[in-house]
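For reference, the structure discussed in these notes is given below.
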Amino acid sequence: MREERGVTLITLVVTIVIIMILAVSFTASMSSTIELEKYNQVKEDVINLTEDIKQYYLKNGYLPVDKSHTYDLNNVPTKDKNPNDNGNYYFIRTNSLDTDLNYGDGNKNSNFNTDDVYVVNEKSLTVYYLAGAVLNGEKHYTMVDSFEGGGFAEDYYSSANLPIISVVTIESNGPVNSEAKVGNTITLKILSNYNFTVNPKVQIAGHDVAVNWNENIGTATYTLTEEDSSIGDRNPIKFSISEYEADGRKGDTITEVTFGTNVIFKGE
């Protein structure tokens, strides 16, 4: 009887230990899953906001931000900042953008005390989530597509050769901005990541056009004439951006938009 009771007690202790080990493993696994889910959601927000802000900036010439308050980002370590930032970080009015977010509130009127917000740097247009998201024991405040297993902005922006020109759009002032006929004006807009050391040569419909620069936003326009009828009905109105230099590099010739669609010629 004593031997049977001894075996039962040992078995019970072993069972309890196994259950505790499994419980700890399950808790750790759940915590890791939740952590990864939040990281990926914040990453998705940052990437989408970055693209939408560039489009908004290019279209309107100003950022969708509240400039009545600036953030210093003292809580964000240097390794998680873009080295190209200046000191001005602004609250993003996400309700001005067509962006569905997992986190952050862009509708606050004057509550700048919460860290559940996204901010953008005025110069680099890098987006940061002030609350951060943890992955593999490290907290990250901004992410890019290449940060699959976690990475820091300083490493990425210091080593990556970003495109010299990040955004190109084209539109017509006609009733449909993706169509143009003789007499309509075509507007080409360019957003650069760097200051040019050699400004681009720009052509629209085969004609050299001047570019007006406002900091890193360039705008070029061309009004279609009768001679442009040779483009042909429903054919795209071609453009090119070439022969430019920045960041110690020569840029690639660009003939396609990065957002939206090309403009097609509409004959009578």
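Following the order of the structure tokens, first chain is A, next is B, and so on, with residues numbered from 1 inside each chain and ligands from 1 in the order they appear.
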*Going by DSSP on the backbone, which bits of region 9-123 of chain A are strand (DSSP E or B)? Write them as a PyMOL selection string, please.*
chain A and resi 65-71+89-92+118-121
*Near-Thr219 (chain A) list (8 Å; only C-alpha atoms; drop same-chain fewer than 4 positions) as a list in words*: Thr187, Leu188, Lys189, Ile190, Val211, Asn212 and Trp213 of chain A
_Give me, as number ranges by chain, all polymer residues having an atom no more than 12 Å from Ser159 (chain A), counting only C-alpha atoms and skipping those fewer than 5 positions away in the same chain._
A: 82-83, 152-154
*Which residue out of A:Asp98, A:Glu215, A:Glu179, A:Asp45 has the minimum interatomic distance to Gly132 (chain A) when only C-alpha atoms are used?*
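Of the candidates, the smallest distance to Gly132 (chain A) is held by A:Asp45.
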_Please extract the residues of region 27-99 of chain A with a backbone DSSP assignment of helix (DSSP H, G or I) and present them as a ChimeraX atom specification._
/A:27-60,78-80,94-96
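Across the structure, CA of Phe91 (chain A) and CA of Gly149 (chain A) are spaced 27.5 Å apart.
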*Quick one: distance from CA of Thr197 (chain A) to CA of Ala246 (chain A) in Å, one decimal?*
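CA of Ala246 (chain A) lies 5.2 Å from CA of Thr197 (chain A).
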*Tell me which protein, DNA and RNA residues are within 8 Å of region 138-144 of chain A, counting only C-alpha atoms, leaving out same-chain ones fewer than 5 positions away, and put them as a count of residues only.*
18
Please build the interface table for region 63-166 of chain A against region 241-245 of chain A with a cut-off of 12 Å, listing for each qualifying residue the nearest atom pair and the distance in Å to one decimal; count only C-alpha atoms, order rows by chain and increasing number, and write it as a tab-separated table.
```
residue	atom	partner	partner_atom	distance
A:Pro163	CA	A:Glu245	CA	11.1
A:Ile164	CA	A:Glu245	CA	8.0
A:Ile165	CA	A:Ile241	CA	9.6
```
Generate a file of the selected residues that holds C-alpha atoms, formatted as a compact mmCIF listing (two decimals), in the first residue's frame.
```
# COMPACT_ATOMS: atom_id res chain seq x y z
CA PRO A 163 14.94 56.06 -55.56
CA ILE A 164 15.94 59.66 -56.23
CA ILE A 165 12.37 60.31 -57.37
```
_Nearest candidate to Glu171 (chain A) (options A:Ile264, A:Ile92, A:Leu63, A:Leu224; using only C-alpha atoms)_ = A:Ile264
